[in-house]
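Asks: Pasting work-v5.cif here (mmCIF, C-alpha atoms and all ligand atoms):
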```
data_run
loop_
_atom_site.label_atom_id
_atom_site.label_comp_id
_atom_site.auth_asym_id
_atom_site.auth_seq_id
_atom_site.Cartn_x
_atom_site.Cartn_y
_atom_site.Cartn_z
CA MET A 1 -25.60 -56.51 0.14
CA GLY A 2 -28.85 -54.75 -0.79
CA THR A 3 -29.68 -52.14 -3.33
CA LEU A 4 -27.16 -49.32 -3.78
CA ARG A 5 -28.83 -46.03 -2.86
CA LEU A 6 -27.81 -42.96 -4.85
CA GLY A 7 -28.02 -39.29 -4.03
CA VAL A 8 -27.86 -37.38 -7.32
CA LEU A 9 -26.82 -33.72 -7.31
CA ALA A 10 -27.57 -31.65 -10.41
CA SER A 11 -28.01 -27.97 -11.21
CA HIS A 12 -29.51 -27.83 -14.67
CA ASN A 13 -31.12 -30.11 -17.26
CA GLY A 14 -30.74 -33.39 -15.44
CA SER A 15 -30.36 -35.56 -18.52
CA ASN A 16 -27.79 -37.70 -16.68
CA LEU A 17 -30.23 -38.02 -13.78
CA ALA A 18 -32.85 -39.22 -16.27
CA ALA A 19 -30.42 -41.72 -17.80
CA LEU A 20 -29.55 -43.05 -14.34
CA HIS A 21 -33.19 -43.25 -13.34
CA GLN A 22 -34.15 -45.13 -16.50
CA ALA A 23 -31.25 -47.54 -15.94
CA SER A 24 -32.31 -48.07 -12.31
CA LEU A 25 -35.65 -49.38 -13.56
CA LEU A 26 -34.05 -52.20 -15.56
CA PRO A 27 -34.74 -55.57 -13.93
CA ASP A 28 -31.06 -56.43 -13.54
CA SER A 29 -30.06 -53.09 -11.99
CA ASP A 30 -29.35 -53.13 -8.28
CA PHE A 31 -29.46 -49.42 -7.55
CA THR A 32 -32.06 -46.79 -6.85
CA ILE A 33 -32.10 -42.99 -6.72
CA SER A 34 -33.01 -42.18 -3.13
CA VAL A 35 -32.92 -38.42 -3.44
CA THR A 36 -32.15 -35.70 -5.97
CA ILE A 37 -30.66 -32.47 -4.65
CA SER A 38 -30.34 -29.27 -6.62
CA ASN A 39 -29.16 -25.76 -5.82
CA ASN A 40 -31.50 -24.55 -8.59
CA SER A 41 -35.18 -24.70 -7.67
CA SER A 42 -36.23 -24.49 -11.33
CA SER A 43 -33.76 -27.07 -12.64
CA GLY A 44 -34.86 -29.72 -15.10
CA ALA A 45 -33.32 -32.23 -12.70
CA LEU A 46 -35.77 -31.41 -9.90
CA ALA A 47 -38.68 -31.36 -12.36
CA TYR A 48 -37.70 -34.79 -13.71
CA ALA A 49 -37.33 -36.23 -10.22
CA ARG A 50 -40.71 -34.88 -9.09
CA ASP A 51 -42.39 -36.24 -12.21
CA HIS A 52 -40.93 -39.68 -11.56
CA GLY A 53 -41.55 -40.00 -7.85
CA VAL A 54 -37.94 -39.47 -6.77
CA PRO A 55 -37.66 -37.48 -3.51
CA THR A 56 -36.21 -34.01 -4.07
CA ARG A 57 -34.57 -31.30 -2.04
CA HIS A 58 -33.64 -27.75 -2.99
CA LEU A 59 -30.53 -26.73 -1.04
CA SER A 60 -28.71 -23.57 -1.97
CA GLY A 61 -27.27 -20.28 -0.81
CA HIS A 62 -30.88 -19.07 -0.67
CA THR A 63 -32.15 -21.83 1.59
CA HIS A 64 -28.94 -21.79 3.66
CA PRO A 65 -26.96 -18.53 3.39
CA ASP A 66 -24.33 -19.88 5.78
CA THR A 67 -21.89 -22.16 3.95
CA LYS A 68 -21.40 -24.54 6.86
CA ALA A 69 -25.15 -24.79 7.47
CA LEU A 70 -25.59 -25.65 3.79
CA ASP A 71 -22.90 -28.31 4.00
CA ASN A 72 -24.58 -29.77 7.11
CA ALA A 73 -28.02 -29.73 5.48
CA MET A 74 -26.63 -31.48 2.43
CA ARG A 75 -25.05 -34.18 4.59
CA ALA A 76 -28.20 -34.58 6.69
CA THR A 77 -30.34 -34.97 3.57
CA LEU A 78 -28.04 -37.60 2.09
CA VAL A 79 -27.83 -39.53 5.36
CA GLU A 80 -31.58 -39.26 5.97
CA HIS A 81 -32.19 -40.89 2.59
CA GLY A 82 -29.73 -43.69 3.31
CA VAL A 83 -27.44 -42.68 0.47
CA ASP A 84 -24.50 -45.00 -0.22
CA LEU A 85 -23.10 -43.23 -3.28
CA VAL A 86 -23.25 -39.54 -4.20
CA VAL A 87 -23.31 -38.75 -7.92
CA THR A 88 -22.68 -35.21 -9.09
CA ALA A 89 -23.85 -34.63 -12.66
CA GLY A 90 -23.65 -31.03 -13.73
CA PHE A 91 -23.68 -29.81 -10.12
CA MET A 92 -22.32 -26.28 -10.19
CA ARG A 93 -21.35 -25.95 -6.52
CA LYS A 94 -18.24 -27.34 -4.90
CA LEU A 95 -19.20 -29.85 -2.22
CA GLY A 96 -18.41 -28.78 1.33
CA PRO A 97 -15.89 -30.54 3.60
CA ILE A 98 -18.57 -32.13 5.76
CA VAL A 99 -20.19 -33.96 2.82
CA ARG A 100 -16.79 -34.85 1.36
CA GLU A 101 -15.62 -36.29 4.68
CA THR A 102 -18.83 -38.25 5.35
CA PHE A 103 -18.91 -39.73 1.85
CA SER A 104 -15.17 -40.03 1.34
CA SER A 105 -14.42 -42.27 -1.68
CA ARG A 106 -18.16 -42.56 -2.30
CA ILE A 107 -18.69 -39.46 -4.46
CA ILE A 108 -18.39 -39.67 -8.22
CA ASN A 109 -18.67 -36.97 -10.86
CA ILE A 110 -19.14 -37.02 -14.61
CA HIS A 111 -17.05 -34.62 -16.66
CA PRO A 112 -17.57 -34.05 -20.40
CA ALA A 113 -13.95 -34.55 -21.55
CA LEU A 114 -11.11 -37.02 -21.26
CA LEU A 115 -9.46 -36.02 -17.99
CA PRO A 116 -6.82 -35.15 -16.97
CA ALA A 117 -6.99 -32.90 -20.05
CA PHE A 118 -9.63 -30.18 -20.16
CA GLY A 119 -10.40 -30.24 -16.45
CA GLY A 120 -10.02 -27.99 -13.43
CA VAL A 121 -11.22 -24.52 -12.53
CA GLY A 122 -13.10 -22.86 -15.38
CA PHE A 123 -13.57 -26.03 -17.41
CA PHE A 124 -17.32 -26.52 -17.36
CA GLY A 125 -20.14 -26.58 -19.87
CA ASN A 126 -19.37 -25.47 -23.40
CA ARG A 127 -15.96 -24.10 -22.39
CA VAL A 128 -14.76 -27.68 -22.18
CA HIS A 129 -15.90 -28.50 -25.71
CA GLN A 130 -14.53 -25.23 -27.10
CA ALA A 131 -11.14 -26.06 -25.58
CA VAL A 132 -11.21 -29.51 -27.16
CA LEU A 133 -12.04 -28.00 -30.57
CA ASP A 134 -9.29 -25.39 -30.15
CA SER A 135 -6.76 -28.10 -29.27
CA GLY A 136 -7.26 -29.96 -32.53
CA ASP A 137 -7.71 -33.26 -30.68
CA LYS A 138 -9.49 -35.89 -32.74
CA ILE A 139 -11.02 -37.72 -29.76
CA SER A 140 -13.07 -36.56 -26.80
CA GLY A 141 -15.53 -38.22 -24.45
CA PRO A 142 -16.75 -38.31 -20.88
CA THR A 143 -14.88 -39.26 -17.72
CA VAL A 144 -16.35 -40.62 -14.48
CA HIS A 145 -14.05 -39.96 -11.56
CA LEU A 146 -13.97 -39.90 -7.79
CA VAL A 147 -14.40 -36.47 -6.24
CA ASP A 148 -11.61 -35.19 -4.03
CA ASP A 149 -10.87 -31.74 -2.62
CA GLU A 150 -10.03 -30.15 -5.98
CA TYR A 151 -11.84 -29.85 -9.29
CA ASP A 152 -11.63 -32.84 -11.63
CA THR A 153 -8.51 -34.35 -10.04
CA GLY A 154 -9.93 -37.45 -8.33
CA GLU A 155 -9.11 -40.97 -9.45
CA ILE A 156 -10.48 -41.80 -12.88
CA ILE A 157 -12.97 -44.68 -12.81
CA ALA A 158 -14.03 -44.91 -16.46
CA GLN A 159 -13.93 -43.06 -19.76
CA SER A 160 -15.45 -43.53 -23.18
CA GLU A 161 -14.34 -42.02 -26.46
CA VAL A 162 -16.20 -40.25 -29.21
CA PRO A 163 -14.70 -38.78 -32.38
CA VAL A 164 -14.22 -35.05 -32.85
CA LEU A 165 -15.31 -34.44 -36.43
CA PRO A 166 -13.79 -31.81 -38.75
CA ASP A 167 -17.03 -29.84 -39.03
CA ASP A 168 -17.96 -30.05 -35.34
CA THR A 169 -19.28 -27.04 -33.49
CA VAL A 170 -19.44 -26.81 -29.71
CA ASP A 171 -23.08 -27.87 -29.91
CA THR A 172 -22.56 -30.93 -32.10
CA LEU A 173 -19.60 -32.10 -30.04
CA ALA A 174 -21.45 -31.46 -26.76
CA ALA A 175 -24.42 -33.51 -27.97
CA ARG A 176 -22.18 -36.42 -28.99
CA VAL A 177 -20.35 -36.41 -25.65
CA LEU A 178 -23.61 -36.09 -23.70
CA ALA A 179 -25.03 -39.14 -25.48
CA ALA A 180 -21.90 -41.04 -24.42
CA GLU A 181 -22.37 -39.79 -20.83
CA HIS A 182 -25.83 -41.30 -20.76
CA ILE A 183 -24.30 -44.71 -21.44
CA LEU A 184 -21.11 -44.40 -19.37
CA LEU A 185 -22.57 -43.12 -16.09
CA PRO A 186 -25.29 -45.79 -15.73
CA THR A 187 -22.76 -48.45 -16.74
CA VAL A 188 -20.36 -47.38 -13.99
CA VAL A 189 -23.12 -47.22 -11.39
CA ARG A 190 -24.43 -50.65 -12.38
CA GLN A 191 -20.92 -52.03 -11.97
CA LEU A 192 -20.46 -50.38 -8.59
CA ALA A 193 -23.87 -51.66 -7.50
CA SER A 194 -22.99 -55.22 -8.39
CA GLY A 195 -19.53 -55.09 -6.85
CA HIS A 196 -18.09 -54.56 -3.43
CA GLN A 197 -15.99 -51.51 -4.06
CA LEU A 198 -17.95 -49.18 -1.83
CA HIS A 199 -18.16 -49.03 1.92
CA ARG A 200 -21.81 -48.63 2.77
CA ASN A 201 -22.97 -45.74 4.85
CA LYS A 202 -23.03 -46.71 8.50
CA ASN A 203 -24.71 -43.49 9.64
C1 LIG B 1 -22.84 -32.91 -18.42
O1 LIG B 1 -22.22 -32.60 -19.63
C2 LIG B 1 -21.80 -33.27 -17.39
O2 LIG B 1 -20.71 -33.93 -17.92
C3 LIG B 1 -21.39 -31.93 -16.87
O3 LIG B 1 -22.60 -31.18 -16.83
C4 LIG B 1 -23.49 -31.68 -17.81
C5 LIG B 1 -24.77 -32.01 -17.12
O4 LIG B 1 -25.80 -32.29 -18.03
N1 LIG B 1 -20.72 -32.03 -15.61
P1 LIG B 1 -27.20 -32.77 -17.51
O5 LIG B 1 -27.73 -31.76 -16.51
O6 LIG B 1 -27.05 -34.12 -16.88
O7 LIG B 1 -28.08 -32.83 -18.72
#
```
Can you give me the file's structure in the form of structure tokens?
Replies:
Amino acid sequence: MGTLRLGVLASHNGSNLAALHQASLLPDSDFTISVTISNNSSSGALAYARDHGVPTRHLSGHTHPDTKALDNAMRATLVEHGVDLVVTAGFMRKLGPIVRETFSSRIINIHPALLPAFGGVGFFGNRVHQAVLDSGDKISGPTVHLVDDEYDTGEIIAQSEVPVLPDDTVDTLAARVLAAEHILLPTVVRQLASGHQLHRNKN
């Protein structure tokens, strides 16, 4: 079956990219990060990838002002690097139809709350955690899901739970959920890499 090749898309810190990369180095992991793409040329994600020998590409509205050209460039980059599975982790752009079509059912995203609650348009970053605190829920945690045409509505693959504590602030809750993300996302990818649930890229 061969090693599962990931294309990781991230806009900011890239801590999930780092967690995935570290997991990929474990002897029993059968996946590798083939390319990291960011729309933010100064993102921590691109810096991490460069520092660790992972190929990088900056693709954005600056490099490609035309939306369709950007979508095509994104697809070409992923195909060129032999990507089997696209992982979006804090990627702040909606993927275009060309990438979604090419990698249909082979794009996963990590979201910092227990979907289907606290998802959809406007639910990103600290807004998610603020909404959880406002709701009074006692449990939160990350969700890994398939990406479809809408925000945060694709099939849920895995979730993990963390407590919401009475004295939590957005920052303390975000840190607890992020730590859980760093376990959940590599776990899901390791499972996908050792299974047969993905149709490999024939391009
Ligand atoms: C994570 O909380 C993820 O769930 C959300 O964006 C954040 C990305 O963090 N989609 P990082 O860039 O991986 O550190």
Asks: Fewer than 6 positions away in the same chain doesn't count, so skip those; otherwise give me all residues within 9 Å of range 31-35 of chain A, counting only C-alpha atoms, as a ChimeraX atom specification.
Replies: /A:2-9,17,20-21,23-25,49,54-57,77-78,81-83,189-190,193-194
Asks: For C-alpha atoms, I'd like the residues from the last selection saved as a compact mmCIF listing (two decimals), in the coordinates of the input.
Replies:
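Listing of again26.txt after writing:
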```
# COMPACT_ATOMS: atom_id res chain seq x y z
CA GLY A 2 -28.85 -54.75 -0.79
CA THR A 3 -29.68 -52.14 -3.33
CA LEU A 4 -27.16 -49.32 -3.78
CA ARG A 5 -28.83 -46.03 -2.86
CA LEU A 6 -27.81 -42.96 -4.85
CA GLY A 7 -28.02 -39.29 -4.03
CA VAL A 8 -27.86 -37.38 -7.32
CA LEU A 9 -26.82 -33.72 -7.31
CA LEU A 17 -30.23 -38.02 -13.78
CA LEU A 20 -29.55 -43.05 -14.34
CA HIS A 21 -33.19 -43.25 -13.34
CA ALA A 23 -31.25 -47.54 -15.94
CA SER A 24 -32.31 -48.07 -12.31
CA LEU A 25 -35.65 -49.38 -13.56
CA ALA A 49 -37.33 -36.23 -10.22
CA VAL A 54 -37.94 -39.47 -6.77
CA PRO A 55 -37.66 -37.48 -3.51
CA THR A 56 -36.21 -34.01 -4.07
CA ARG A 57 -34.57 -31.30 -2.04
CA THR A 77 -30.34 -34.97 3.57
CA LEU A 78 -28.04 -37.60 2.09
CA HIS A 81 -32.19 -40.89 2.59
CA GLY A 82 -29.73 -43.69 3.31
CA VAL A 83 -27.44 -42.68 0.47
CA VAL A 189 -23.12 -47.22 -11.39
CA ARG A 190 -24.43 -50.65 -12.38
CA ALA A 193 -23.87 -51.66 -7.50
CA SER A 194 -22.99 -55.22 -8.39
```
Asks: Closest to ligand LIG 1 (chain B) among A:Leu70, A:Val87, A:Ile98, A:Ile157, using only C-alpha atoms and all ligand atoms?
Replies: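 Closest residue, counting only C-alpha atoms and all ligand atoms: A:Val87.
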Asks: Go through A:Ala73, A:Leu192, A:Ile139, A:Ala45 one by one, measure the shortest atom-to-atom distance of each to Leu114 in chain A using all atoms listed in the file, and give the residue with the smallest value.
Replies: A:Ile139
Asks: Restricting the calculation to only C-alpha atoms and all ligand atoms, which member of A:Val99, A:Ala180, A:Val170, A:Ile110 is positioned closest to ligand LIG 1 (chain B)?
Replies: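 Among A:Val99, A:Ala180, A:Val170, A:Ile110, it is A:Ile110 that comes nearest to ligand LIG 1 (chain B).
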Asks: Kindly give the distance, in Å, that separates CA of Ile183 in chain A and CA of Lys94 in chain A, rounded to a single decimal.
Replies: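 Taking CA of Ile183 in chain A as the start and CA of Lys94 in chain A as the end point, the length is 24.7 Å.
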Asks: Measuring atom to atom with all atoms listed in the file, identify which of A:Arg127, A:Arg50, A:His182, A:Arg100 is nearest to Val144 in chain A.
Replies: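 Distance minimum relative to Val144 in chain A lands on A:His182.
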Asks: Can you write out as CSV which residues of chain A fall within 7 Å of ligand LIG 1 (chain B), alongside each residue's closest atom pair and its distance in Å to one decimal, counting all atoms listed in the file and ordering rows by chain and ascending residue number?
Replies:
```
residue,atom,partner,partner_atom,distance
A:Ala10,CA,B:LIG1,O5,6.1
A:Ser11,CA,B:LIG1,O5,6.5
A:His12,CA,B:LIG1,O5,4.7
A:Asn13,CA,B:LIG1,O5,3.8
A:Gly14,CA,B:LIG1,O5,3.6
A:Ser15,CA,B:LIG1,O7,3.6
A:Asn16,CA,B:LIG1,O6,3.7
A:Leu17,CA,B:LIG1,O6,5.9
A:Ala45,CA,B:LIG1,O5,6.8
A:Ala89,CA,B:LIG1,N1,5.0
A:Gly90,CA,B:LIG1,O3,3.3
A:Phe91,CA,B:LIG1,N1,6.6
A:Ile110,CA,B:LIG1,O2,4.8
A:His111,CA,B:LIG1,O2,3.9
A:Pro112,CA,B:LIG1,O2,4.0
A:Phe124,CA,B:LIG1,N1,6.7
A:Gly125,CA,B:LIG1,O3,6.0
A:Pro142,CA,B:LIG1,O2,6.6
A:Leu178,CA,B:LIG1,O1,5.5
A:Glu181,CA,B:LIG1,O2,6.8
```
Asks: With distances taken over all atoms listed in the file, which residue among A:Asp149, A:Asp168, A:Asn109, A:Asn40 lies nearest Gly136 in chain A?
Replies: A:Asp168
Asks: How many Å lie between CA of Gln130 in chain A and CA of Asp148 in chain A, rounded to one decimal?
Replies: 25.3 Å
